[in-house]
Amino acid sequence: MLKRIFLFLVVNLLVMTTITVVLGLLGVQPYLQANGLDLTSLAIFCLVWGMAGSFISLAISRWSAKRMMGVQVIPPDTRDPGAAALVQTVHRLATAAGIPNPEVGIYQSDDINAFATGPTKKRSLVAVSTGLLGKMDRAEVEGVLGHEVSHIANGDMVTMTLLQGIVNAFVMFLARVLAFVVAQAFRRDDNEGISQGLYFVCVLVFQIVFMIFGTMVVMAFSRWREFRADAGSARISGRENMVRALQALARDQESLAGAKTSPAVAAMQISSKDGFMRLFMSHPPLAERIARLEHARL
């Protein structure tokens with residue numbers, strides 16, 4: 001879990017830091033400070049750049065997932081019985097969810113894992129690991145596939161992108177406002193401009209701090225969308241299939257308890273930690289998901 005949190009934070013911080021450095025080199029930030037801090041211009045500036053990085057990531061999400069995870073897309077007309085059955089199941093679930101058929105792929109991993117990605121419902125991808133196919137029975141696999149199809153039907157990729165973009169914008173805005181205040185306080189002379197070096201360092205520090213808090217907000221929404229996807233899978237694939245899938249994941253976790261697990265980014269295999277670290281969990285604990293699904297009104 002810590003590796004996933006670290007990777008998430010690092011990716012966002014790299015995007016924010018790159019933007020900060022590039023805009024500093026282009027002389028954009030001093031322009032915003034020319035006559036004091038123009039909050040309106042700064043807010044527009046942060047919103048544009050904060051959203052830009054998120055939407056670029058969304059636009060290339062399907063392509064990058066294939067490259068990074070080594071996903072092999074299954075041709076719709078495949079003659080392999082197992083692969084054909086997988087594609088047919090995903091397409092049947094997509095029809096039940098009222099969305100276009102997504103691409104279906106398989107990638108090599110011993111983890112029980114699956115994910116859905118893509119910039120739009122028409123250009124989406126559902127990928128499953130070989131470990132999932134090898135360790136789950138047909139009903140459990142269908143529950144997992146229903147969960148991923150529900151993510152697409154709910155528009156979770158776009159919503160998460162919008163939320164991350166807004167968080168990025170707030171982080172950039174607040175970091176620059178506070179950095180300006182700090183740099184202003186350290187001026188030795190009213191006629192002297194603020195130190196650009198101090199301002200730049202303060203921006204980077206505040207961005208790191210605020211991004212940590214922003215990550216908590218994003219992860220809270222992520223946990224909520226997992227409950228929705230569970231319920232969506234129960235509707236289109238059957239409650240029993242989804243409950244069985246979660247129970248299979250729980251059994252797999254128990255079998256791996258105390259062992260050093262793979263650092264692969266899991267879409268469904270989640271830790272059940274409590275306390276402060278729970279704020280950084282992208283998924284709720286499996287026991288909580290199972291209990292809620294068993295008592296949910298569908």
# chains A, B, ... in the order shown; residues from 1 in each chain; ligands from 1
call {"tool": "residues_around", "arguments": {"residues": "His295 (chain A)", "least_positions_apart": "2", "cutoff": "12 Å", "atoms": "only C-alpha atoms", "output": "list in words"}}
result
Ala231, Ala234, Arg239, Glu240, Val243, Glu288, Arg289, Ile290, Ala291, Arg292, Leu293, Arg297 and Leu298 of chain A
call {"tool": "residues_around", "arguments": {"residues": "Ser195 (chain A)", "least_positions_apart": "2", "cutoff": "10 Å", "atoms": "only C-alpha atoms", "output": "ChimeraX atom specification"}}
result
/A:180,182-184,186-187,192-193,197-200
call {"tool": "closest_residue", "arguments": {"among": "A:Pro76, A:Pro119, A:Gly105, A:Pro100", "to": "Ile60 (chain A)", "atoms": "only C-alpha atoms"}}
result
A:Pro119
call {"tool": "select_by_dssp", "arguments": {"residues": "region 53-247 of chain A", "states": "helix (DSSP H, G or I)", "output": "count of residues only"}}
result
136
call {"tool": "closest_residue", "arguments": {"among": "A:Leu249, A:Val149, A:Met277, A:Ala94", "to": "Gly131 (chain A)", "atoms": "only C-alpha atoms"}}
result
A:Leu249
call {"tool": "closest_residue", "arguments": {"among": "A:Gly146, A:Gly165, A:Pro75, A:Gly53", "to": "Glu103 (chain A)", "atoms": "only C-alpha atoms"}}
result
A:Pro75
call {"tool": "closest_residue", "arguments": {"among": "A:His91, A:Arg251, A:Arg62, A:His283", "to": "Ser222 (chain A)", "atoms": "only C-alpha atoms"}}
result
A:His283
call {"tool": "closest_atom_pairs", "arguments": {"of": "region 117-207 of chain A", "to": "region 217-221 of chain A", "cutoff": "9 Å", "atoms": "only C-alpha atoms", "output": "JSON lines"}}
result
{"residue": "A:Met160", "atom": "CA", "partner": "A:Val218", "partner_atom": "CA", "distance": 7.6}
{"residue": "A:Leu163", "atom": "CA", "partner": "A:Val218", "partner_atom": "CA", "distance": 6.9}
{"residue": "A:Gln164", "atom": "CA", "partner": "A:Val218", "partner_atom": "CA", "distance": 6.7}
{"residue": "A:Val167", "atom": "CA", "partner": "A:Val218", "partner_atom": "CA", "distance": 8.0}
call {"tool": "residues_around", "arguments": {"residues": "Met172 (chain A)", "least_positions_apart": "3", "cutoff": "10 Å", "atoms": "only C-alpha atoms", "output": "ChimeraX atom specification"}}
result
/A:16-17,19-20,42-43,45-47,49-50,166-169,175-177,203-204,206-207,210-211
call {"tool": "write_last_selection", "arguments": {"atoms": "N, CA and C atoms", "output": "PDB file, in the first residue's frame"}}
result
ATOM      1  N   MET A  16       3.490  18.625 -11.123  1.00  0.00           N
ATOM      2  CA  MET A  16       3.405  19.974 -10.575  1.00  0.00           C
ATOM      3  C   MET A  16       4.767  20.668 -10.596  1.00  0.00           C
ATOM      4  N   THR A  17       5.810  19.923 -10.241  1.00  0.00           N
ATOM      5  CA  THR A  17       7.149  20.509 -10.210  1.00  0.00           C
ATOM      6  C   THR A  17       7.612  20.876 -11.613  1.00  0.00           C
ATOM      7  N   ILE A  19       5.730  21.688 -14.161  1.00  0.00           N
ATOM      8  CA  ILE A  19       4.989  22.895 -14.554  1.00  0.00           C
ATOM      9  C   ILE A  19       5.606  24.125 -13.906  1.00  0.00           C
ATOM     10  N   THR A  20       5.933  24.008 -12.609  1.00  0.00           N
ATOM     11  CA  THR A  20       6.519  25.133 -11.880  1.00  0.00           C
ATOM     12  C   THR A  20       7.846  25.564 -12.497  1.00  0.00           C
ATOM     13  N   LEU A  42      -3.995  34.594 -11.169  1.00  0.00           N
ATOM     14  CA  LEU A  42      -3.360  33.407 -10.605  1.00  0.00           C
ATOM     15  C   LEU A  42      -4.331  32.235 -10.572  1.00  0.00           C
ATOM     16  N   ALA A  43      -5.587  32.494 -10.189  1.00  0.00           N
ATOM     17  CA  ALA A  43      -6.580  31.419 -10.122  1.00  0.00           C
ATOM     18  C   ALA A  43      -6.826  30.820 -11.497  1.00  0.00           C
ATOM     19  N   PHE A  45      -4.779  30.930 -14.094  1.00  0.00           N
ATOM     20  CA  PHE A  45      -3.522  30.280 -14.460  1.00  0.00           C
ATOM     21  C   PHE A  45      -3.426  28.878 -13.833  1.00  0.00           C
ATOM     22  N   CYS A  46      -3.737  28.768 -12.539  1.00  0.00           N
ATOM     23  CA  CYS A  46      -3.639  27.487 -11.832  1.00  0.00           C
ATOM     24  C   CYS A  46      -4.698  26.499 -12.315  1.00  0.00           C
ATOM     25  N   LEU A  47      -5.889  27.000 -12.592  1.00  0.00           N
ATOM     26  CA  LEU A  47      -6.954  26.114 -13.065  1.00  0.00           C
ATOM     27  C   LEU A  47      -6.593  25.518 -14.415  1.00  0.00           C
ATOM     28  N   TRP A  49      -3.565  25.140 -15.858  1.00  0.00           N
ATOM     29  CA  TRP A  49      -2.436  24.219 -15.800  1.00  0.00           C
ATOM     30  C   TRP A  49      -2.731  23.005 -14.925  1.00  0.00           C
ATOM     31  N   GLY A  50      -3.525  23.194 -13.864  1.00  0.00           N
ATOM     32  CA  GLY A  50      -3.879  22.059 -13.013  1.00  0.00           C
ATOM     33  C   GLY A  50      -4.723  21.043 -13.741  1.00  0.00           C
ATOM     34  N   ILE A 166      -8.929  19.580 -10.283  1.00  0.00           N
ATOM     35  CA  ILE A 166      -9.338  20.627  -9.341  1.00  0.00           C
ATOM     36  C   ILE A 166      -8.407  20.663  -8.139  1.00  0.00           C
ATOM     37  N   VAL A 167      -8.049  19.479  -7.631  1.00  0.00           N
ATOM     38  CA  VAL A 167      -7.109  19.409  -6.508  1.00  0.00           C
ATOM     39  C   VAL A 167      -5.770  20.025  -6.911  1.00  0.00           C
ATOM     40  N   ASN A 168      -5.277  19.678  -8.119  1.00  0.00           N
ATOM     41  CA  ASN A 168      -4.017  20.256  -8.603  1.00  0.00           C
ATOM     42  C   ASN A 168      -4.098  21.776  -8.656  1.00  0.00           C
ATOM     43  N   ALA A 169      -5.242  22.292  -9.137  1.00  0.00           N
ATOM     44  CA  ALA A 169      -5.416  23.740  -9.255  1.00  0.00           C
ATOM     45  C   ALA A 169      -5.368  24.406  -7.881  1.00  0.00           C
ATOM     46  N   ALA A 175      -0.330  27.161  -2.831  1.00  0.00           N
ATOM     47  CA  ALA A 175       1.126  27.148  -2.676  1.00  0.00           C
ATOM     48  C   ALA A 175       1.732  28.475  -3.103  1.00  0.00           C
ATOM     49  N   ARG A 176       1.243  29.042  -4.183  1.00  0.00           N
ATOM     50  CA  ARG A 176       1.796  30.299  -4.688  1.00  0.00           C
ATOM     51  C   ARG A 176       1.376  31.498  -3.831  1.00  0.00           C
ATOM     52  N   VAL A 177       0.163  31.468  -3.326  1.00  0.00           N
ATOM     53  CA  VAL A 177      -0.279  32.562  -2.453  1.00  0.00           C
ATOM     54  C   VAL A 177       0.568  32.589  -1.177  1.00  0.00           C
ATOM     55  N   VAL A 203       7.208  27.580  -2.972  1.00  0.00           N
ATOM     56  CA  VAL A 203       6.172  26.981  -3.813  1.00  0.00           C
ATOM     57  C   VAL A 203       6.317  25.464  -3.823  1.00  0.00           C
ATOM     58  N   LEU A 204       7.516  24.978  -4.011  1.00  0.00           N
ATOM     59  CA  LEU A 204       7.749  23.532  -4.059  1.00  0.00           C
ATOM     60  C   LEU A 204       7.384  22.873  -2.729  1.00  0.00           C
ATOM     61  N   PHE A 206       5.328  24.006  -0.297  1.00  0.00           N
ATOM     62  CA  PHE A 206       3.888  24.068  -0.054  1.00  0.00           C
ATOM     63  C   PHE A 206       3.125  23.126  -0.981  1.00  0.00           C
ATOM     64  N   GLN A 207       3.606  22.962  -2.209  1.00  0.00           N
ATOM     65  CA  GLN A 207       2.948  22.025  -3.117  1.00  0.00           C
ATOM     66  C   GLN A 207       2.997  20.603  -2.574  1.00  0.00           C
ATOM     67  N   PHE A 210       0.479  20.454   0.462  1.00  0.00           N
ATOM     68  CA  PHE A 210      -0.923  20.509   0.064  1.00  0.00           C
ATOM     69  C   PHE A 210      -1.312  19.313  -0.804  1.00  0.00           C
ATOM     70  N   MET A 211      -0.357  18.772  -1.562  1.00  0.00           N
ATOM     71  CA  MET A 211      -0.666  17.603  -2.376  1.00  0.00           C
ATOM     72  C   MET A 211      -0.966  16.391  -1.495  1.00  0.00           C
TER      73      MET A 211
END
call {"tool": "atom_distance", "arguments": {"atom1": "CA of Gly118 (chain A)", "atom2": "CA of Gly232 (chain A)"}}
result
18.5 Å
call {"tool": "closest_residue", "arguments": {"among": "A:Leu162, A:Ile112, A:Ala59, A:Ile106", "to": "Gln253 (chain A)", "atoms": "only C-alpha atoms"}}
result
A:Ile112
call {"tool": "atom_distance", "arguments": {"atom1": "CA of Val171 (chain A)", "atom2": "CA of Trp63 (chain A)"}}
result
27.7 Å
call {"tool": "atom_distance", "arguments": {"atom1": "CA of Ala96 (chain A)", "atom2": "CA of Pro285 (chain A)"}}
result
27.5 Å
call {"tool": "select_by_dssp", "arguments": {"residues": "region 74-264 of chain A", "states": "strand (DSSP E or B)", "output": "ChimeraX atom specification"}}
result
/A:103-107,114-117,125-129
call {"tool": "write_last_selection", "arguments": {"atoms": "N, CA and C atoms", "output": "PDB file, in the first residue's frame"}}
result
ATOM      1  N   GLU A 103     -12.510  -2.480 -25.239  1.00  0.00           N
ATOM      2  CA  GLU A 103     -11.455  -3.431 -25.584  1.00  0.00           C
ATOM      3  C   GLU A 103     -11.239  -4.354 -24.386  1.00  0.00           C
ATOM      4  N   VAL A 104     -10.816  -5.570 -24.664  1.00  0.00           N
ATOM      5  CA  VAL A 104     -10.552  -6.536 -23.600  1.00  0.00           C
ATOM      6  C   VAL A 104      -9.131  -7.036 -23.765  1.00  0.00           C
ATOM      7  N   GLY A 105      -8.400  -7.080 -22.662  1.00  0.00           N
ATOM      8  CA  GLY A 105      -7.007  -7.512 -22.733  1.00  0.00           C
ATOM      9  C   GLY A 105      -6.591  -8.351 -21.543  1.00  0.00           C
ATOM     10  N   ILE A 106      -5.471  -9.028 -21.701  1.00  0.00           N
ATOM     11  CA  ILE A 106      -4.881  -9.863 -20.644  1.00  0.00           C
ATOM     12  C   ILE A 106      -3.427  -9.453 -20.476  1.00  0.00           C
ATOM     13  N   TYR A 107      -2.947  -9.444 -19.246  1.00  0.00           N
ATOM     14  CA  TYR A 107      -1.530  -9.170 -19.016  1.00  0.00           C
ATOM     15  C   TYR A 107      -0.970 -10.158 -18.000  1.00  0.00           C
ATOM     16  N   ALA A 114      -7.315  -6.659 -11.831  1.00  0.00           N
ATOM     17  CA  ALA A 114      -8.025  -6.224 -13.034  1.00  0.00           C
ATOM     18  C   ALA A 114      -8.173  -4.715 -12.969  1.00  0.00           C
ATOM     19  N   PHE A 115      -8.325  -4.085 -14.116  1.00  0.00           N
ATOM     20  CA  PHE A 115      -8.539  -2.640 -14.109  1.00  0.00           C
ATOM     21  C   PHE A 115      -9.280  -2.221 -15.367  1.00  0.00           C
ATOM     22  N   ALA A 116      -9.894  -1.051 -15.277  1.00  0.00           N
ATOM     23  CA  ALA A 116     -10.564  -0.440 -16.427  1.00  0.00           C
ATOM     24  C   ALA A 116      -9.983   0.953 -16.602  1.00  0.00           C
ATOM     25  N   THR A 117      -9.773   1.365 -17.834  1.00  0.00           N
ATOM     26  CA  THR A 117      -9.239   2.693 -18.092  1.00  0.00           C
ATOM     27  C   THR A 117      -9.697   3.157 -19.467  1.00  0.00           C
ATOM     28  N   LEU A 125     -10.958   0.343 -21.937  1.00  0.00           N
ATOM     29  CA  LEU A 125     -10.245  -0.929 -21.910  1.00  0.00           C
ATOM     30  C   LEU A 125     -10.503  -1.621 -20.584  1.00  0.00           C
ATOM     31  N   VAL A 126     -10.816  -2.911 -20.645  1.00  0.00           N
ATOM     32  CA  VAL A 126     -10.895  -3.748 -19.453  1.00  0.00           C
ATOM     33  C   VAL A 126      -9.799  -4.788 -19.575  1.00  0.00           C
ATOM     34  N   ALA A 127      -8.907  -4.840 -18.588  1.00  0.00           N
ATOM     35  CA  ALA A 127      -7.786  -5.786 -18.632  1.00  0.00           C
ATOM     36  C   ALA A 127      -7.773  -6.617 -17.355  1.00  0.00           C
ATOM     37  N   VAL A 128      -7.437  -7.886 -17.503  1.00  0.00           N
ATOM     38  CA  VAL A 128      -7.367  -8.793 -16.355  1.00  0.00           C
ATOM     39  C   VAL A 128      -6.007  -9.476 -16.357  1.00  0.00           C
ATOM     40  N   SER A 129      -5.560  -9.854 -15.167  1.00  0.00           N
ATOM     41  CA  SER A 129      -4.273 -10.524 -15.042  1.00  0.00           C
ATOM     42  C   SER A 129      -4.425 -12.023 -15.250  1.00  0.00           C
TER      43      SER A 129
END
call {"tool": "closest_residue", "arguments": {"among": "A:Glu254, A:Asp80, A:Asp230, A:Asp137", "to": "His151 (chain A)", "atoms": "only C-alpha atoms"}}
result
A:Asp230
